Every structure is written in structure tokens, then in C-alpha cells.
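Q: Handing you this structure, nothing more for now.
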Amino acid sequence: MSTILVTGGAGFIGSHLCDRLLAEGHRVVAVDDLTTGRIANLSDARGYGRAFTFFHMDIRAEGLRSVFERHRPEVVMHLAAQSGVRPSLEDPVRDASINVMGSLNVLECAAASGVRKVVYAGSGGTAYGEPRRLPVRETQAWSARPTSPYGISKKVVLDYLAHYGRDRGLDWTALLLGNVYGPRQDPTGEAGVIAIFARRMLAGETPTIFGDGNQTRDYVFIDDTVHAFVLAMDRGSGRVVNIGTGLETSVNGLFRMLAELTGFGGGPAFGPLPPGEIRRIALDPSLAAEVLGWRPWTHLEDGLSETVAFLRGTWIRGT
């Protein structure tokens, strides 16, 4: 039974990943400062008893080294981050402190304690900036110009991963994630348009579309995303890999699908498009199929239906 350390383990993606790893027989150590993560997300993981350990800790903390030394993880799944475009514009120093300096602390701890591999959650929605062609391929990642401090900070870590692989012998794979959605995504946060729209619609409130709604994103379901992380434990060495569907979905189209699923009969409100937001993105998943053996399998309509059902049963009851 191998030990896997998951940073951001109480978050939306991280908690699902903890569940999957535990179900496959691994021992899991989760680290989260609970800024956006929720202890409630770990209810299933905590049911595994001594196979699961949780540390309420910032990834920038000096105490992170002792966690690594005590538990000696074989693989690190690095998901902890400041993950909003708008907060990064308001406070780019904090964004860099968490996403760059925090990541460096994780990499230093990993290299010093003999970690075999780091799997990094990159941002396919921001690291590319405004891509020249769609769906975007990984070859554009190194020359891209992100349009927000968040995109910059997430992209910079790719260079640090290459450095630690080259100079410290630390194996790595970077997964550039599309817009991940599904059960447990926070419908009250800054990110996660699907959860935000669905919650407001179920409550009979009007969602706000920022911009004209023709901007597009590549939406990938949580179960598909977690599967990519698990595959990357032993595949994709030293590679940057897109995890997306290759399909564009406009915000207007997303609104219509969610309105049908929730029974919402009204129209959207509109607001100004925030600075730093890209216009269009879709991630070519062909390299993921080649080096990870990964393909997206959840159709958007099915994933939206499952997400809405989850929200009906939890957030709308106030739990």
C-alpha cells in the first residue's frame, strides 16, 4: 500500500481524488488550509480510518517538511492553489505567494524526502492566454502569454517542475485542466460557473452572465479529471498534458442547458466582462490519450444532470 500526499485535499477536486485513491487501497495524507476547502468534503475519506490522515496546514508553512518526513509519500498530488482570476488581479502578491512560493515549498519537501513523483494541477483555462488556434495543443504552453496573474503563477510552476526534474531527479507530470465541474463544487465561490448558475436557478434567483455570453470554455467532469490524476501516477513522465474534451461550450449555451435541467424559466442578467478573462478555450486531449491512456467519457449533459441532482440534495437544503 503506497502513501499519496494530496495538497488541497479538502477542496472540490482534491476530496474526490482522496476518495478514489483510498478506494484503490492507497494510504492518503491530505493537506489543506481550508480557505476554500471544506471538512464536509472529506466525510467519505474519514470513513477509511487510519488509512486517511488530514493536516490543517498552509502549503507555505515550514511545518510541511515534517509532514513529508513523517509520512514519506511516494507520490504527491499538488492541487492546492489560489484558484481565481479575479482575486489574482486584486492581489497578485498573495496569488504568487500561494501558487509560486507554496509550490516551491511542496517541491523542496518532495525532493528532500525522496518522493518518486509529483502530479501537478495546472490551469488549461488560463495558462495558454488567448490561444492562436483551437483546440489548443500543449506545444503552445511554453510560449503562451497568460492574461491574468493567476495564469502567470500557474504557468511559472511548469518551469520549476522542469528544473526539479532536471536538477533534482524529481519525476513529474503537469495536467492542464479544463473547467472542472461536478458534485461538491462550491456554488457560493468565485469560480465554478456551473455550480453558481445551477444553485441560483434552483433557488429561483437570476444568474448573471458576465460579458455577452459568447465566450467559451472546455468543461470536463470531475470523475474524468480524477481518473487522469490516477493514471499520471505512473505515466506521462516529464510531460505537460491537457485534460479536457476539445469541445467549446459558450456561457449562453451552458445557461440554456442548466435552465432546462433546473426548470428555470427566466433569462439571465448581464454584467461587464471582468479583466483578465480569455475569450475562447478548448483543450486538445489527444496527447492525454497517447501518454496517459486517458479520454473524457462523460458527456456534458450527463455531467450537468448529476451536478444539478447533487445540488438539489445538499446545498438547496442548506447542508
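Each chain in the C-alpha cells gets a letter, A, B, ..., in the order shown, and its residues are numbered from 1; ligands are numbered from 1 in order too.
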Quick one: everything within 7 Å of stretch 153-159 of chain A, counting only C-alpha atoms, minus sequence neighbours fewer than 3 positions away in the same chain. Send it as a PDB file with C-alpha atoms, in the first residue's frame.
A:
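Final file, around.pdb:
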```
ATOM      1  CA  ALA A  96       2.149  34.418  -6.304  1.00  0.00           C
ATOM      2  CA  ASN A  99       0.853  29.455  -6.215  1.00  0.00           C
ATOM      3  CA  VAL A 100       4.571  30.025  -6.711  1.00  0.00           C
ATOM      4  CA  GLY A 122      -2.129  23.194 -13.911  1.00  0.00           C
ATOM      5  CA  SER A 123      -4.679  25.538 -15.439  1.00  0.00           C
ATOM      6  CA  ALA A 127      -2.050  29.261 -18.780  1.00  0.00           C
ATOM      7  CA  PRO A 149      -1.643  36.879 -12.541  1.00  0.00           C
ATOM      8  CA  TYR A 150      -3.342  33.561 -11.771  1.00  0.00           C
ATOM      9  CA  ALA A 162      11.207  21.053 -15.330  1.00  0.00           C
ATOM     10  CA  HIS A 163      14.028  22.380 -13.146  1.00  0.00           C
TER      11      HIS A 163
END
```
Q: List as a PDB file with C-alpha atoms, in the first residue's frame the protein and nucleic acid residues near A:Arg94, meaning an atom at most 12 Å away when only C-alpha atoms are counted, but skip any in the same chain fewer than 2 places from it.
A:
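Result written to part.pdb:
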```pdb
ATOM      1  CA  ARG A  60       3.738  27.680   2.565  1.00  0.00           C
ATOM      2  CA  ALA A  81      -3.722  26.927  -5.066  1.00  0.00           C
ATOM      3  CA  GLN A  82      -5.282  30.340  -5.104  1.00  0.00           C
ATOM      4  CA  SER A  83      -7.569  29.481  -7.992  1.00  0.00           C
ATOM      5  CA  GLY A  84      -9.445  32.618  -9.001  1.00  0.00           C
ATOM      6  CA  PRO A  87      -8.605  37.554  -6.680  1.00  0.00           C
ATOM      7  CA  SER A  88      -5.290  37.340  -8.526  1.00  0.00           C
ATOM      8  CA  LEU A  89      -5.978  40.702 -10.176  1.00  0.00           C
ATOM      9  CA  GLU A  90      -6.908  42.255  -6.837  1.00  0.00           C
ATOM     10  CA  ASP A  91      -3.869  40.854  -5.017  1.00  0.00           C
ATOM     11  CA  PRO A  92      -1.212  39.409  -7.334  1.00  0.00           C
ATOM     12  CA  ALA A  96       2.149  34.418  -6.304  1.00  0.00           C
ATOM     13  CA  SER A  97       2.866  33.686  -2.645  1.00  0.00           C
ATOM     14  CA  ILE A  98       0.495  30.719  -2.657  1.00  0.00           C
ATOM     15  CA  ASN A  99       0.853  29.455  -6.215  1.00  0.00           C
ATOM     16  CA  VAL A 100       4.571  30.025  -6.711  1.00  0.00           C
ATOM     17  CA  MET A 101       6.197  30.078  -3.262  1.00  0.00           C
ATOM     18  CA  GLY A 102       3.772  27.474  -1.919  1.00  0.00           C
ATOM     19  CA  PRO A 149      -1.643  36.879 -12.541  1.00  0.00           C
ATOM     20  CA  TYR A 150      -3.342  33.561 -11.771  1.00  0.00           C
ATOM     21  CA  SER A 153       1.620  31.928 -11.492  1.00  0.00           C
TER      22      SER A 153
END
```
Q: Please build the interface table for stretch 133-177 of chain A against stretch 290-304 of chain A with a cut-off of 12 Å, listing for each qualifying residue the nearest atom pair and the distance in Å to one decimal; count only C-alpha atoms, order rows by chain and increasing number, and write it as a Markdown table.
A:
```
| residue | atom | partner | partner_atom | distance |
| --- | --- | --- | --- | --- |
| A:Thr173 | CA | A:Leu292 | CA | 10.1 |
| A:Ala174 | CA | A:Leu292 | CA | 11.6 |
| A:Leu175 | CA | A:Leu292 | CA | 10.5 |
| A:Leu177 | CA | A:Pro296 | CA | 11.9 |
```
Q: Let me see the file: selected residues, all heavy atoms, as a compact mmCIF listing (two decimals), in the first residue's frame.
A:
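File written: part.txt
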```txt
# COMPACT_ATOMS: atom_id res chain seq x y z
N THR A 173 4.50 15.11 -13.70
CA THR A 173 3.58 15.29 -14.81
C THR A 173 2.69 16.47 -14.46
O THR A 173 2.20 16.57 -13.33
CB THR A 173 2.70 14.05 -15.05
OG1 THR A 173 3.54 12.93 -15.37
CG2 THR A 173 1.72 14.29 -16.19
N ALA A 174 2.49 17.38 -15.40
CA ALA A 174 1.61 18.53 -15.20
C ALA A 174 0.35 18.34 -16.03
O ALA A 174 0.41 18.17 -17.25
CB ALA A 174 2.30 19.83 -15.60
N LEU A 175 -0.78 18.34 -15.36
CA LEU A 175 -2.08 18.21 -16.03
C LEU A 175 -2.70 19.58 -16.15
O LEU A 175 -3.00 20.24 -15.14
CB LEU A 175 -2.99 17.27 -15.22
CG LEU A 175 -2.44 15.88 -14.92
CD1 LEU A 175 -3.47 15.08 -14.13
CD2 LEU A 175 -2.05 15.15 -16.20
N LEU A 177 -5.72 21.45 -16.66
CA LEU A 177 -7.13 21.09 -16.54
C LEU A 177 -8.03 22.11 -17.23
O LEU A 177 -7.81 23.32 -17.16
CB LEU A 177 -7.52 21.02 -15.06
CG LEU A 177 -6.65 20.16 -14.15
CD1 LEU A 177 -7.20 20.19 -12.73
CD2 LEU A 177 -6.55 18.74 -14.67
```
Q: Please run DSSP on the backbone and report, as a ChimeraX atom specification, all residues within stretch 14-190 of chain A that come out as strand (DSSP E).
A: /A:27-32,52-56,75-78,117-123,171-177,179-181
Q: May I have a table of the residues of stretch 160-207 of chain A lying at most 12 Å from stretch 230-246 of chain A, giving each one's closest pair of atoms and their distance in Å to one decimal, counting only C-alpha atoms, ordered by chain and ascending residue number, as JSON lines?
A:
```
{"residue": "A:Tyr160", "atom": "CA", "partner": "A:Gly238", "partner_atom": "CA", "distance": 11.7}
{"residue": "A:Leu161", "atom": "CA", "partner": "A:Gly238", "partner_atom": "CA", "distance": 8.3}
{"residue": "A:Ala162", "atom": "CA", "partner": "A:Gly238", "partner_atom": "CA", "distance": 7.2}
{"residue": "A:His163", "atom": "CA", "partner": "A:Gly238", "partner_atom": "CA", "distance": 10.5}
{"residue": "A:Tyr164", "atom": "CA", "partner": "A:Gly238", "partner_atom": "CA", "distance": 10.3}
{"residue": "A:Gly165", "atom": "CA", "partner": "A:Gly238", "partner_atom": "CA", "distance": 7.3}
{"residue": "A:Arg166", "atom": "CA", "partner": "A:Gly238", "partner_atom": "CA", "distance": 9.4}
{"residue": "A:Gly169", "atom": "CA", "partner": "A:Gly238", "partner_atom": "CA", "distance": 10.7}
{"residue": "A:Leu170", "atom": "CA", "partner": "A:Gly238", "partner_atom": "CA", "distance": 9.3}
{"residue": "A:Asp171", "atom": "CA", "partner": "A:Ser237", "partner_atom": "CA", "distance": 6.3}
{"residue": "A:Trp172", "atom": "CA", "partner": "A:Gly238", "partner_atom": "CA", "distance": 5.3}
{"residue": "A:Thr173", "atom": "CA", "partner": "A:Arg239", "partner_atom": "CA", "distance": 5.3}
{"residue": "A:Ala174", "atom": "CA", "partner": "A:Val240", "partner_atom": "CA", "distance": 4.7}
{"residue": "A:Leu175", "atom": "CA", "partner": "A:Val241", "partner_atom": "CA", "distance": 4.9}
{"residue": "A:Leu176", "atom": "CA", "partner": "A:Asn242", "partner_atom": "CA", "distance": 4.7}
{"residue": "A:Leu177", "atom": "CA", "partner": "A:Ile243", "partner_atom": "CA", "distance": 4.9}
{"residue": "A:Gly178", "atom": "CA", "partner": "A:Gly244", "partner_atom": "CA", "distance": 5.0}
{"residue": "A:Asn179", "atom": "CA", "partner": "A:Gly244", "partner_atom": "CA", "distance": 7.9}
{"residue": "A:Val180", "atom": "CA", "partner": "A:Gly244", "partner_atom": "CA", "distance": 8.6}
{"residue": "A:Tyr181", "atom": "CA", "partner": "A:Gly244", "partner_atom": "CA", "distance": 11.5}
```
Q: Could you check how far atom CA of A:Leu283 sits from atom CA of A:Gly9, in Å to one decimal?
A: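 Computing the Euclidean distance for atom CA of A:Leu283 and atom CA of A:Gly9 yields 25.0 Å.
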Q: Which one of A:Arg279, A:Asn41, A:Arg46, A:Leu5 sits closest to A:Ala23 if you count only C-alpha atoms?
A: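 When distances to A:Ala23 are compared using only C-alpha atoms, the smallest one comes from A:Arg46.
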Q: Would you please give, as a ChimeraX atom specification, all residues of stretch 58-280 of chain A that DSSP assigns to alpha helix (DSSP H) based on the backbone?
A: /A:64-71,85-90,92-96,102-112,149-168,193-202,222-232,251-262
Q: For the residues in that selection, give me C-alpha atoms as a PDB file, in the first residue's frame.
A:
```pdb
ATOM      1  CA  LEU A  64       5.094  20.963   5.771  1.00  0.00           C
ATOM      2  CA  ARG A  65       8.588  19.446   5.790  1.00  0.00           C
ATOM      3  CA  SER A  66       7.806  17.459   8.934  1.00  0.00           C
ATOM      4  CA  VAL A  67       4.645  16.064   7.308  1.00  0.00           C
ATOM      5  CA  PHE A  68       6.743  14.760   4.418  1.00  0.00           C
ATOM      6  CA  GLU A  69       9.430  13.387   6.713  1.00  0.00           C
ATOM      7  CA  ARG A  70       6.935  11.623   8.942  1.00  0.00           C
ATOM      8  CA  HIS A  71       4.741  10.056   6.250  1.00  0.00           C
ATOM      9  CA  VAL A  85      -8.683  35.087 -11.781  1.00  0.00           C
ATOM     10  CA  ARG A  86     -10.390  38.000 -10.043  1.00  0.00           C
ATOM     11  CA  PRO A  87      -8.605  37.554  -6.680  1.00  0.00           C
ATOM     12  CA  SER A  88      -5.290  37.340  -8.526  1.00  0.00           C
ATOM     13  CA  LEU A  89      -5.978  40.702 -10.176  1.00  0.00           C
ATOM     14  CA  GLU A  90      -6.908  42.255  -6.837  1.00  0.00           C
ATOM     15  CA  PRO A  92      -1.212  39.409  -7.334  1.00  0.00           C
ATOM     16  CA  VAL A  93       1.309  39.232  -4.496  1.00  0.00           C
ATOM     17  CA  ARG A  94      -0.891  36.857  -2.490  1.00  0.00           C
ATOM     18  CA  ASP A  95      -1.594  34.853  -5.637  1.00  0.00           C
ATOM     19  CA  ALA A  96       2.149  34.418  -6.304  1.00  0.00           C
ATOM     20  CA  GLY A 102       3.772  27.474  -1.919  1.00  0.00           C
ATOM     21  CA  SER A 103       4.514  25.212  -4.863  1.00  0.00           C
ATOM     22  CA  LEU A 104       8.250  25.676  -4.349  1.00  0.00           C
ATOM     23  CA  ASN A 105       7.830  24.604  -0.732  1.00  0.00           C
ATOM     24  CA  VAL A 106       5.987  21.481  -1.885  1.00  0.00           C
ATOM     25  CA  LEU A 107       8.701  20.703  -4.463  1.00  0.00           C
ATOM     26  CA  GLU A 108      11.520  21.263  -1.964  1.00  0.00           C
ATOM     27  CA  CYS A 109       9.850  18.966   0.546  1.00  0.00           C
ATOM     28  CA  ALA A 110       9.244  16.365  -2.144  1.00  0.00           C
ATOM     29  CA  ALA A 111      12.824  16.415  -3.407  1.00  0.00           C
ATOM     30  CA  ALA A 112      14.282  16.301   0.104  1.00  0.00           C
ATOM     31  CA  PRO A 149      -1.643  36.879 -12.541  1.00  0.00           C
ATOM     32  CA  TYR A 150      -3.342  33.561 -11.771  1.00  0.00           C
ATOM     33  CA  GLY A 151      -2.499  32.218 -15.222  1.00  0.00           C
ATOM     34  CA  ILE A 152       1.056  33.522 -14.893  1.00  0.00           C
ATOM     35  CA  SER A 153       1.620  31.928 -11.492  1.00  0.00           C
ATOM     36  CA  LYS A 154       0.253  28.566 -12.620  1.00  0.00           C
ATOM     37  CA  LYS A 155       2.383  28.637 -15.777  1.00  0.00           C
ATOM     38  CA  VAL A 156       5.574  29.563 -13.895  1.00  0.00           C
ATOM     39  CA  VAL A 157       5.353  26.346 -11.881  1.00  0.00           C
ATOM     40  CA  LEU A 158       5.753  24.375 -15.120  1.00  0.00           C
ATOM     41  CA  ASP A 159       9.280  25.788 -15.418  1.00  0.00           C
ATOM     42  CA  TYR A 160      10.038  24.907 -11.806  1.00  0.00           C
ATOM     43  CA  LEU A 161       8.824  21.355 -12.378  1.00  0.00           C
ATOM     44  CA  ALA A 162      11.207  21.053 -15.330  1.00  0.00           C
ATOM     45  CA  HIS A 163      14.028  22.380 -13.146  1.00  0.00           C
ATOM     46  CA  TYR A 164      13.375  19.925 -10.308  1.00  0.00           C
ATOM     47  CA  GLY A 165      13.128  17.088 -12.777  1.00  0.00           C
ATOM     48  CA  ARG A 166      16.393  18.021 -14.478  1.00  0.00           C
ATOM     49  CA  ASP A 167      18.481  19.063 -11.474  1.00  0.00           C
ATOM     50  CA  ARG A 168      16.968  17.150  -8.543  1.00  0.00           C
ATOM     51  CA  VAL A 193     -19.913  28.873 -13.193  1.00  0.00           C
ATOM     52  CA  ILE A 194     -21.886  25.624 -13.445  1.00  0.00           C
ATOM     53  CA  ALA A 195     -22.395  25.292  -9.689  1.00  0.00           C
ATOM     54  CA  ILE A 196     -23.081  29.022  -9.333  1.00  0.00           C
ATOM     55  CA  PHE A 197     -25.677  29.092 -12.111  1.00  0.00           C
ATOM     56  CA  ALA A 198     -27.361  25.859 -11.001  1.00  0.00           C
ATOM     57  CA  ARG A 199     -27.678  26.940  -7.367  1.00  0.00           C
ATOM     58  CA  ARG A 200     -29.220  30.271  -8.292  1.00  0.00           C
ATOM     59  CA  MET A 201     -31.632  28.657 -10.743  1.00  0.00           C
ATOM     60  CA  LEU A 202     -32.735  26.045  -8.213  1.00  0.00           C
ATOM     61  CA  ILE A 222     -14.835  15.590 -12.023  1.00  0.00           C
ATOM     62  CA  ASP A 223     -14.725  11.779 -12.333  1.00  0.00           C
ATOM     63  CA  ASP A 224     -12.897  12.028 -15.665  1.00  0.00           C
ATOM     64  CA  THR A 225     -10.436  14.510 -14.143  1.00  0.00           C
ATOM     65  CA  VAL A 226      -9.664  12.365 -11.111  1.00  0.00           C
ATOM     66  CA  HIS A 227      -9.021   9.395 -13.386  1.00  0.00           C
ATOM     67  CA  ALA A 228      -6.342  11.434 -15.189  1.00  0.00           C
ATOM     68  CA  PHE A 229      -4.543  12.104 -11.891  1.00  0.00           C
ATOM     69  CA  VAL A 230      -4.547   8.417 -11.020  1.00  0.00           C
ATOM     70  CA  LEU A 231      -3.168   7.451 -14.428  1.00  0.00           C
ATOM     71  CA  ALA A 232      -0.463  10.133 -14.163  1.00  0.00           C
ATOM     72  CA  VAL A 251     -21.751  30.526 -21.416  1.00  0.00           C
ATOM     73  CA  ASN A 252     -25.051  31.208 -23.160  1.00  0.00           C
ATOM     74  CA  GLY A 253     -25.306  27.562 -24.215  1.00  0.00           C
ATOM     75  CA  LEU A 254     -24.474  26.453 -20.692  1.00  0.00           C
ATOM     76  CA  PHE A 255     -27.205  28.712 -19.312  1.00  0.00           C
ATOM     77  CA  ARG A 256     -29.790  27.148 -21.610  1.00  0.00           C
ATOM     78  CA  MET A 257     -28.836  23.589 -20.663  1.00  0.00           C
ATOM     79  CA  LEU A 258     -28.941  24.337 -16.948  1.00  0.00           C
ATOM     80  CA  ALA A 259     -32.231  26.206 -17.245  1.00  0.00           C
ATOM     81  CA  GLU A 260     -33.803  23.117 -18.803  1.00  0.00           C
ATOM     82  CA  LEU A 261     -32.392  20.803 -16.133  1.00  0.00           C
ATOM     83  CA  THR A 262     -33.472  23.016 -13.235  1.00  0.00           C
TER      84      THR A 262
END
```
Q: Skipping near chain neighbours, those fewer than 5 positions away, what residues fall within 7 Å of A:Met1 using only C-alpha atoms, listed as a list in words?
A: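 Here the qualifying residues turn out to be Gly25, His26 and Arg27 of chain A.
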Q: Just the residues within 9 Å of A:Ala269, please, counting only C-alpha atoms, with nothing from its chain fewer than 5 positions along; format it as a PyMOL selection string.
A: chain A and resi 206-210
Q: Put those residues in a file: all heavy atoms, as an mmCIF file, in the first residue's frame.
A:
```
data_model
loop_
_atom_site.group_PDB
_atom_site.id
_atom_site.type_symbol
_atom_site.label_atom_id
_atom_site.label_comp_id
_atom_site.auth_asym_id
_atom_site.auth_seq_id
_atom_site.Cartn_x
_atom_site.Cartn_y
_atom_site.Cartn_z
ATOM 1 N N THR A 206 -31.925 34.836 -10.346
ATOM 2 C CA THR A 206 -31.423 35.076 -11.695
ATOM 3 C C THR A 206 -29.900 35.053 -11.726
ATOM 4 O O THR A 206 -29.255 35.865 -11.056
ATOM 5 C CB THR A 206 -31.911 36.434 -12.226
ATOM 6 O OG1 THR A 206 -33.339 36.437 -12.249
ATOM 7 C CG2 THR A 206 -31.379 36.698 -13.627
ATOM 8 N N PRO A 207 -29.295 34.154 -12.504
ATOM 9 C CA PRO A 207 -27.829 34.158 -12.642
ATOM 10 C C PRO A 207 -27.373 35.334 -13.496
ATOM 11 O O PRO A 207 -28.125 35.839 -14.350
ATOM 12 C CB PRO A 207 -27.537 32.833 -13.348
ATOM 13 C CG PRO A 207 -28.787 32.029 -13.246
ATOM 14 C CD PRO A 207 -29.911 33.008 -13.190
ATOM 15 N N THR A 208 -26.151 35.750 -13.281
ATOM 16 C CA THR A 208 -25.565 36.837 -14.062
ATOM 17 C C THR A 208 -24.497 36.286 -14.992
ATOM 18 O O THR A 208 -23.586 35.580 -14.571
ATOM 19 C CB THR A 208 -24.930 37.892 -13.142
ATOM 20 O OG1 THR A 208 -25.942 38.450 -12.304
ATOM 21 C CG2 THR A 208 -24.289 39.012 -13.964
ATOM 22 N N ILE A 209 -24.644 36.598 -16.271
ATOM 23 C CA ILE A 209 -23.624 36.284 -17.267
ATOM 24 C C ILE A 209 -22.753 37.521 -17.436
ATOM 25 O O ILE A 209 -23.257 38.608 -17.729
ATOM 26 C CB ILE A 209 -24.262 35.890 -18.609
ATOM 27 C CG1 ILE A 209 -24.986 34.545 -18.478
ATOM 28 C CG2 ILE A 209 -23.209 35.825 -19.717
ATOM 29 C CD1 ILE A 209 -25.730 34.120 -19.737
ATOM 30 N N PHE A 210 -21.456 37.346 -17.253
ATOM 31 C CA PHE A 210 -20.542 38.468 -17.414
ATOM 32 C C PHE A 210 -20.015 38.474 -18.844
ATOM 33 O O PHE A 210 -19.489 37.485 -19.327
ATOM 34 C CB PHE A 210 -19.399 38.364 -16.398
ATOM 35 C CG PHE A 210 -19.883 38.508 -14.975
ATOM 36 C CD1 PHE A 210 -20.085 37.393 -14.181
ATOM 37 C CD2 PHE A 210 -20.157 39.761 -14.447
ATOM 38 C CE1 PHE A 210 -20.538 37.522 -12.875
ATOM 39 C CE2 PHE A 210 -20.625 39.903 -13.151
ATOM 40 C CZ PHE A 210 -20.816 38.786 -12.363
#
```
Q: Near A:Ala40, within 10 Å and counting only C-alpha atoms, which residues show up once chain neighbours fewer than 2 positions away are dropped, as number ranges by chain?
A: A: 10-11, 15, 37-38, 42-46, 184, 319
Q: Got time to write the residues from that selection, N, CA, C and O atoms, as a compact mmCIF listing (two decimals), in the first residue's frame?
A:
```txt
# COMPACT_ATOMS: atom_id res chain seq x y z
N ALA A 10 -8.98 18.91 0.78
CA ALA A 10 -10.36 19.14 1.19
C ALA A 10 -11.15 19.93 0.16
O ALA A 10 -12.31 20.27 0.39
N GLY A 11 -10.52 20.24 -0.95
CA GLY A 11 -11.19 21.00 -2.00
C GLY A 11 -12.08 20.15 -2.87
O GLY A 11 -12.22 18.93 -2.67
N SER A 15 -10.77 16.43 -2.81
CA SER A 15 -11.52 15.47 -1.99
C SER A 15 -11.99 14.28 -2.82
O SER A 15 -11.96 13.13 -2.35
N GLY A 37 -11.39 24.92 0.81
CA GLY A 37 -11.77 23.53 1.06
C GLY A 37 -12.72 23.41 2.23
O GLY A 37 -12.83 24.32 3.06
N ARG A 38 -13.41 22.29 2.32
CA ARG A 38 -14.41 22.08 3.36
C ARG A 38 -14.20 20.71 3.99
O ARG A 38 -14.05 19.70 3.28
N LEU A 42 -14.65 15.74 3.12
CA LEU A 42 -13.82 14.60 3.49
C LEU A 42 -14.57 13.56 4.31
O LEU A 42 -13.95 12.67 4.89
N SER A 43 -15.89 13.66 4.35
CA SER A 43 -16.65 12.72 5.18
C SER A 43 -16.45 11.28 4.73
O SER A 43 -16.31 10.37 5.57
N ASP A 44 -16.42 11.03 3.44
CA ASP A 44 -16.19 9.67 2.96
C ASP A 44 -14.75 9.22 3.24
O ASP A 44 -14.52 8.08 3.67
N ALA A 45 -13.81 10.12 3.02
CA ALA A 45 -12.40 9.77 3.24
C ALA A 45 -12.14 9.43 4.71
O ALA A 45 -11.39 8.49 5.02
N ARG A 46 -12.74 10.17 5.61
CA ARG A 46 -12.51 9.92 7.03
C ARG A 46 -13.07 8.58 7.47
O ARG A 46 -12.66 8.02 8.50
N ARG A 184 -19.93 18.64 -5.35
CA ARG A 184 -19.06 19.24 -4.33
C ARG A 184 -18.45 20.57 -4.76
O ARG A 184 -17.81 21.23 -3.95
N THR A 319 -27.30 22.14 3.60
CA THR A 319 -26.34 21.28 4.28
C THR A 319 -24.98 21.38 3.63
O THR A 319 -24.84 21.90 2.55
```
Q: I'd like the interatomic distance between atom CA of A:Tyr120 and atom CA of A:Gly14, to a tenth of an Å.
A: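 Between atom CA of A:Tyr120 and atom CA of A:Gly14 the gap is 11.7 Å.
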Q: With distances taken over only C-alpha atoms, which of A:Glu277, A:Phe270, A:Met77, A:Phe264 is nearest to A:Glu130?
A: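 Of A:Glu277, A:Phe270, A:Met77, A:Phe264, the one nearest A:Glu130 is A:Glu277, counting only C-alpha atoms.
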